[in-house]
Amino acid sequence: MLSAARRALLVALVLLLGCDGAPPSGPGSASPAGAGKVLRVTFQAAETGFDPVAVSDYYSGSVIEAIYDPLLTYDYLARPAKLVPNVTEALPVVTDDGRTYTLRIRKGIHFTPDPAFKGAPRELTAADYAYSFKRFLDPRLRSPYAFLFEGKIVGLDELAAQAKKSGRFDYDARVAGLETPDRYTLRIRLKETDRNFSHVLAFPLTGAVAREVVEAYGDDTASHPVGTGPFLLKDYTRSSRIVLEANPGYRGRIWDFEPGPDPRDSELAARMKGKRLPLIQRVEVSIMEEAQSRWLAFQKQQTDMEYALAELAPNFITADGKLKPEFAARGIRLERSVDPEIIYLYFNVAERIGNQPNPVGGFGAERIALRRAIAMSYNVEDQIRIIRKGQAIRANYPIPPGVAGHDPKYTSYIPYDPRAANALLDKFGYRRGPDGYRARPDGTPLTVRYSSSSTERDRQFDELMKRSLDSIGIRLAIHKGTFSELIKLGHECRIMMKTTAWIADYPDGDNFMQLLYGPNTGQSNSACYRSPEFDRRYEKSRQLPDGPERDRLYREMTRLMEVDAVWLLTDSRYRNVLLHPHVVGFRQHPVLHHAWLYVDMEPVHRN
Amino acid sequence: MLAYVIRRLWQFVPTLLGVMALVFLLFNWIGGDPAYLLAGKIPDPERIENIRRQLGVDQPWYLQFWIFMKQVATADFGVSWATNERVSAIFTTRLGPSLTVLVPMLVISTVLAMAAAMLVAYWRGSLTDRAIMIGCTVGQSISILVYILVFQYVLAYRWGWFPVQGWGSGLAQNLLFYGALPILVGVVVSLAPDIRLYRSFFLEEVSQDYVRTARAKGMSEPRVMWVHVLRNAAIPVVTNVMTQLPGLLVGAFLIERFFSIPGIGREVILAVERSDFPVIKAVTVYVAIATMILNLLADLIYKAVDPRVELK
């Protein structure tokens, strides 16, 4: 009673002083049906902007996904993720042995109105995609996702090279690999066969921007996103609040997805089928960095759904992964899925690190034995239990669940077995000294170095690694570095051992297998692994579409990686999404950042 | 007086150069290479070089420092490396929310701390004095993080007196609705150390000869405290407050993060996390300049309040 009176007094005072708003729109104010449906969500880190070529963070990507339209997208319910047309009439026609992709864009799709269009409606055309793809290679824009197009499209790299020399990217220059034979047809010619290029065309950051808008706003394009997608940017306070409103001119997609084997899908389809998308009028995003704030705000119904509460998961999830009864009793729902990611410990297998010999590098039997022993001494279950607080599953395969190419039946060759690890080291001549630590087979001291950042979580990794290596008598040195320093050292093959993560850019096994491809050393191949056998298979796999033959190659490549003891795959984390009962139609997709386009909101019954 | 001011202003130059050299050195030696953060998941050496060239971090150190000096001279620190937003815009848009919380926090905590300090000085040695001092010692020993977590949980979540977090667009709404709890937390955190400090100022004055003289002349104790002691004790209090003012420029990052206040404190932390050197440079330089100016002002006020003070 007292709290209500005080709150009423505060609100009255605020209104009396003539401020422009009441408390934040709660579920009560989010009109339950029709035009007033407001979905309130949080980001746990600030966005960086909304220019598709200029961002690499998840949160900016989420907003971009809501505003812009890539050519293709993914079926909302199909698992593993399945490509479907987005603005095209059909999936691309792939010809010329997987080197030419032809897409036909649907007529009558328009950008949201903007002063840059001078009052005229602006239709989406094939030229918009050609322009948008070129932007990724404009050196001035330094796109973090340039790799999506680099080395792939005929003539595009050459244009980028010219731009590096002249300082100006010529967007009007003809690119043989990006042809628009008519207003609605885009023909992409690739330098090499790539049967999985369609995934790039579904990547949210490859949505079409209008050249007039980019030229009108110049360097401030990042805060003036104009797209053809389901939402438009209505209000924006950097690093604080992002308000998206349903695009009134959206082309009118209909909720029409085939349910998968999950019984919840059938229920969902029965409830949602035939509804016109988007179903909500507004999305209000608040940036809340602190987990406690997000957790309390969700419980207070200041937000409608919550994605990022991994560190607080034990508060609401039971040991067997269910929502605790007290929350279920309030109608709160838990949607749990595994992120399309792998976390792995990698060994630098190069013979030398800088000028120094690398004790864990090389492919001699004793070096492989050392790497294998270290991997066998590391208790992944402890990592999941202690560091992840149970919010992860064991990873056994380099391609995670939900991604094309994943093999759920694969059994790893590297078990957790410290006793066998000790025996292996004994066999290969790593003798223990009087201090209990082992020396190299030639008798010289052995110390392995594990690199990590100075975050609290990484300190937990350090402790687990120390405990593991102590159990097999290997002396460990911990190297601490800043995030950028560790990235730099990794690219220069100067890190000996490190735990790292990779999350899917697109749901195809290639996105993961390329992490071990020799020519990617210095880029994504931080283990600096160069195996002709692996590389030969990888190159062959790139020529193949998703299917049994490619899966076989992936299995062989995984065995090769394990035989050479290059990685120890550890885990993939759960994504726990909490939803209030009035949010309906939600299903976590492995690749799409969010489901704002597909969710609906029901009338709210508050106690 | 004028000569003193000119001399102090002249001393700003080497001090500022020292601060600039320090931040430049720290960023370049410890901060890491920002190009690797901006290059994305699969950077190639050519892209890294391109980014370094665009940011200017491939230039010799003396050229980079010269650019830094020009930025300070023109007060134009360019754009954020992470977001492309102008650094000046970051300050103009984020300073308002920070000040909305920090100014009332400073004013309220100063007034309350002075009042409490005067009272305990008046009752010095009594049970009340001891109890308050013990309370202050305990309060001072607790981390601000604990205050935030407990106040947010109990006052906002459990009792519903305040919103858990949030920020609006109107000053009154922010000050009275969203800002109320952050201000309360800030005041409570500041009170303990301030009361202890100000109490010592009052006690020092209470033992002065002029106080004894006033009492000997039959002046009432309240009048002694309010008229004579308060006025003289206010001088070090003003100095203390002045030293806290530059802190307004860097915000209160923990309070801003937990209560989702889009202030400068959050932005500073973001800049450090992103190795966003233009923002870091601007914050450092602005705080250094504010500190020097406010220290000078404190000295001048000191002189104005107490003519016996000689400025050398």
# chains A, B, ... in the order shown; residues from 1 in each chain; ligands from 1

call {"tool": "residues_around", "arguments": {"residues": "B:Ile30", "least_positions_apart": "6", "cutoff": "12 Å", "atoms": "only C-alpha atoms", "output": "JSON, numbers by chain"}}
result
{"A": [480, 481, 482, 483, 484, 485], "B": [22, 23, 24, 272, 275]}

call {"tool": "write_last_selection", "arguments": {"atoms": "C-alpha atoms", "output": "short mmCIF file (atom, residue, chain, number, x, y, z; two decimals), in the first residue's frame"}}
result
data_model
loop_
_atom_site.label_atom_id
_atom_site.label_comp_id
_atom_site.auth_asym_id
_atom_site.auth_seq_id
_atom_site.Cartn_x
_atom_site.Cartn_y
_atom_site.Cartn_z
CA LYS A 480 47.77 -12.20 -19.90
CA GLY A 481 46.93 -9.80 -22.68
CA THR A 482 44.35 -7.28 -23.74
CA PHE A 483 41.70 -8.47 -26.16
CA SER A 484 43.25 -6.73 -29.16
CA GLU A 485 46.74 -7.89 -28.20
CA LEU B 22 51.18 9.82 -20.21
CA VAL B 23 47.91 8.89 -21.90
CA PHE B 24 49.66 8.65 -25.27
CA VAL B 272 38.31 1.70 -22.92
CA SER B 275 40.32 0.88 -27.49
#

call {"tool": "residues_around", "arguments": {"residues": "stretch 170-183 of chain A", "least_positions_apart": "3", "cutoff": "7 Å", "atoms": "only C-alpha atoms", "output": "PyMOL selection string"}}
result
chain A and resi 125-127+130-131+153-156+186-190

call {"tool": "residues_around", "arguments": {"residues": "B:Val279", "least_positions_apart": "5", "cutoff": "7 Å", "atoms": "only C-alpha atoms", "output": "count of residues only"}}
result
3

call {"tool": "residues_around", "arguments": {"residues": "B:Thr291", "least_positions_apart": "2", "cutoff": "12 Å", "atoms": "only C-alpha atoms", "output": "number ranges by chain"}}
result
B: 12, 15-16, 19, 239, 241-250, 283-289, 293-298

call {"tool": "write_last_selection", "arguments": {"atoms": "C-alpha atoms", "output": "PDB file, in the first residue's frame"}}
result
ATOM      1  CA  PHE B  12      48.851  24.542 -17.047  1.00  0.00           C
ATOM      2  CA  THR B  15      51.031  19.868 -16.728  1.00  0.00           C
ATOM      3  CA  LEU B  16      48.751  19.277 -19.693  1.00  0.00           C
ATOM      4  CA  VAL B  19      49.068  14.296 -18.997  1.00  0.00           C
ATOM      5  CA  THR B 239      38.178  23.060  -1.527  1.00  0.00           C
ATOM      6  CA  VAL B 241      33.957  20.026  -3.251  1.00  0.00           C
ATOM      7  CA  MET B 242      36.046  21.735  -5.915  1.00  0.00           C
ATOM      8  CA  THR B 243      38.315  18.719  -6.148  1.00  0.00           C
ATOM      9  CA  GLN B 244      35.266  16.540  -6.748  1.00  0.00           C
ATOM     10  CA  LEU B 245      33.875  18.666  -9.570  1.00  0.00           C
ATOM     11  CA  PRO B 246      36.117  17.332 -12.377  1.00  0.00           C
ATOM     12  CA  GLY B 247      34.687  13.919 -11.538  1.00  0.00           C
ATOM     13  CA  LEU B 248      31.389  15.165 -12.956  1.00  0.00           C
ATOM     14  CA  LEU B 249      33.000  14.962 -16.380  1.00  0.00           C
ATOM     15  CA  VAL B 250      33.687  11.266 -16.158  1.00  0.00           C
ATOM     16  CA  VAL B 283      38.072  12.551 -21.632  1.00  0.00           C
ATOM     17  CA  THR B 284      41.580  12.631 -20.215  1.00  0.00           C
ATOM     18  CA  VAL B 285      42.353  16.081 -21.537  1.00  0.00           C
ATOM     19  CA  TYR B 286      39.018  17.573 -20.489  1.00  0.00           C
ATOM     20  CA  VAL B 287      39.321  16.162 -16.979  1.00  0.00           C
ATOM     21  CA  ALA B 288      42.883  17.435 -16.682  1.00  0.00           C
ATOM     22  CA  ILE B 289      41.879  20.921 -17.810  1.00  0.00           C
ATOM     23  CA  ILE B 293      40.888  25.295 -13.610  1.00  0.00           C
ATOM     24  CA  LEU B 294      38.855  24.218 -10.604  1.00  0.00           C
ATOM     25  CA  ASN B 295      41.949  23.995  -8.435  1.00  0.00           C
ATOM     26  CA  LEU B 296      42.786  27.529  -9.432  1.00  0.00           C
ATOM     27  CA  LEU B 297      39.238  28.646  -8.684  1.00  0.00           C
ATOM     28  CA  ALA B 298      39.378  26.910  -5.310  1.00  0.00           C
TER      29      ALA B 298
END

call {"tool": "residues_around", "arguments": {"residues": "A:Lys409", "least_positions_apart": "2", "cutoff": "10 Å", "atoms": "only C-alpha atoms", "output": "compact mmCIF listing (two decimals) with C-alpha atoms, in the first residue's frame"}}
result
# COMPACT_ATOMS: atom_id res chain seq x y z
CA ASN A 396 32.45 -33.24 -29.85
CA TYR A 397 32.39 -32.08 -33.44
CA HIS A 406 26.90 -31.40 -37.87
CA ASP A 407 27.35 -35.06 -36.98
CA THR A 411 32.72 -39.85 -31.10
CA SER A 412 35.84 -37.97 -30.16

call {"tool": "closest_atom_pairs", "arguments": {"of": "chain B", "to": "chain A", "cutoff": "6 Å", "atoms": "only C-alpha atoms", "output": "JSON lines"}}
result
{"residue": "B:Gly32", "atom": "CA", "partner": "A:Glu485", "partner_atom": "CA", "distance": 5.1}
{"residue": "B:Asp33", "atom": "CA", "partner": "A:Ser484", "partner_atom": "CA", "distance": 5.9}
{"residue": "B:Tyr36", "atom": "CA", "partner": "A:Ser484", "partner_atom": "CA", "distance": 5.6}
{"residue": "B:Leu37", "atom": "CA", "partner": "A:Ser484", "partner_atom": "CA", "distance": 5.6}
{"residue": "B:Ala39", "atom": "CA", "partner": "A:Pro144", "partner_atom": "CA", "distance": 4.9}
{"residue": "B:Gly40", "atom": "CA", "partner": "A:Pro144", "partner_atom": "CA", "distance": 4.0}
{"residue": "B:Ile42", "atom": "CA", "partner": "A:Gln523", "partner_atom": "CA", "distance": 5.2}
{"residue": "B:Pro43", "atom": "CA", "partner": "A:Gln523", "partner_atom": "CA", "distance": 5.5}
{"residue": "B:Asp44", "atom": "CA", "partner": "A:Gln523", "partner_atom": "CA", "distance": 5.6}
{"residue": "B:Thr83", "atom": "CA", "partner": "A:Thr48", "partner_atom": "CA", "distance": 4.9}
{"residue": "B:Gly160", "atom": "CA", "partner": "A:Ser3", "partner_atom": "CA", "distance": 5.8}
{"residue": "B:Trp161", "atom": "CA", "partner": "A:Ser3", "partner_atom": "CA", "distance": 5.4}
{"residue": "B:Gly170", "atom": "CA", "partner": "A:Cys19", "partner_atom": "CA", "distance": 5.3}
{"residue": "B:Ala172", "atom": "CA", "partner": "A:Cys19", "partner_atom": "CA", "distance": 5.6}
{"residue": "B:Gln173", "atom": "CA", "partner": "A:Val14", "partner_atom": "CA", "distance": 5.6}
{"residue": "B:Phe258", "atom": "CA", "partner": "A:Glu290", "partner_atom": "CA", "distance": 5.7}
{"residue": "B:Ser260", "atom": "CA", "partner": "A:Met288", "partner_atom": "CA", "distance": 5.7}
{"residue": "B:Pro262", "atom": "CA", "partner": "A:Ser240", "partner_atom": "CA", "distance": 5.5}

call {"tool": "write_last_selection", "arguments": {"atoms": "N, CA and C atoms", "output": "short mmCIF file (atom, residue, chain, number, x, y, z; two decimals), in the first residue's frame"}}
result
data_model
loop_
_atom_site.label_atom_id
_atom_site.label_comp_id
_atom_site.auth_asym_id
_atom_site.auth_seq_id
_atom_site.Cartn_x
_atom_site.Cartn_y
_atom_site.Cartn_z
N GLY B 32 47.04 -1.85 -26.81
CA GLY B 32 46.83 -2.81 -27.90
C GLY B 32 46.54 -2.10 -29.21
N ASP B 33 46.57 -2.88 -30.26
CA ASP B 33 46.38 -2.31 -31.59
C ASP B 33 44.89 -2.31 -31.93
N TYR B 36 43.06 -4.46 -34.85
CA TYR B 36 42.65 -5.86 -34.70
C TYR B 36 41.23 -5.98 -34.15
N LEU B 37 40.81 -4.97 -33.40
CA LEU B 37 39.44 -4.99 -32.89
C LEU B 37 38.45 -4.61 -33.98
N ALA B 39 38.91 -5.02 -37.27
CA ALA B 39 39.06 -5.75 -38.54
C ALA B 39 38.08 -6.90 -38.70
N GLY B 40 37.35 -7.24 -37.66
CA GLY B 40 36.36 -8.31 -37.78
C GLY B 40 36.93 -9.68 -37.49
N ILE B 42 37.64 -12.29 -39.48
CA ILE B 42 38.66 -12.89 -40.34
C ILE B 42 39.46 -11.78 -41.02
N PRO B 43 40.34 -11.15 -40.30
CA PRO B 43 41.10 -10.06 -40.91
C PRO B 43 42.31 -10.59 -41.67
N ASP B 44 42.64 -9.96 -42.77
CA ASP B 44 43.90 -10.31 -43.41
C ASP B 44 44.87 -9.15 -43.17
N THR B 83 32.41 3.88 -33.48
CA THR B 83 31.05 4.17 -33.97
C THR B 83 31.00 5.26 -35.02
N GLY B 160 9.33 -1.56 -4.60
CA GLY B 160 8.71 -0.83 -5.72
C GLY B 160 8.65 0.68 -5.54
N TRP B 161 9.55 1.22 -4.73
CA TRP B 161 9.53 2.67 -4.51
C TRP B 161 10.08 3.44 -5.72
N GLY B 170 12.64 13.64 -20.56
CA GLY B 170 12.36 14.93 -19.91
C GLY B 170 13.20 15.10 -18.66
N ALA B 172 12.57 16.68 -15.79
CA ALA B 172 11.87 16.41 -14.53
C ALA B 172 11.65 14.92 -14.34
N GLN B 173 11.30 14.23 -15.42
CA GLN B 173 11.09 12.78 -15.34
C GLN B 173 12.38 12.08 -14.93
N PHE B 258 24.36 0.32 -13.96
CA PHE B 258 23.31 -0.46 -13.30
C PHE B 258 21.93 0.16 -13.51
N SER B 260 21.10 2.09 -16.10
CA SER B 260 20.91 2.36 -17.54
C SER B 260 20.79 3.86 -17.83
N PRO B 262 22.22 6.96 -19.72
CA PRO B 262 23.12 7.13 -20.88
C PRO B 262 24.13 8.26 -20.67
#
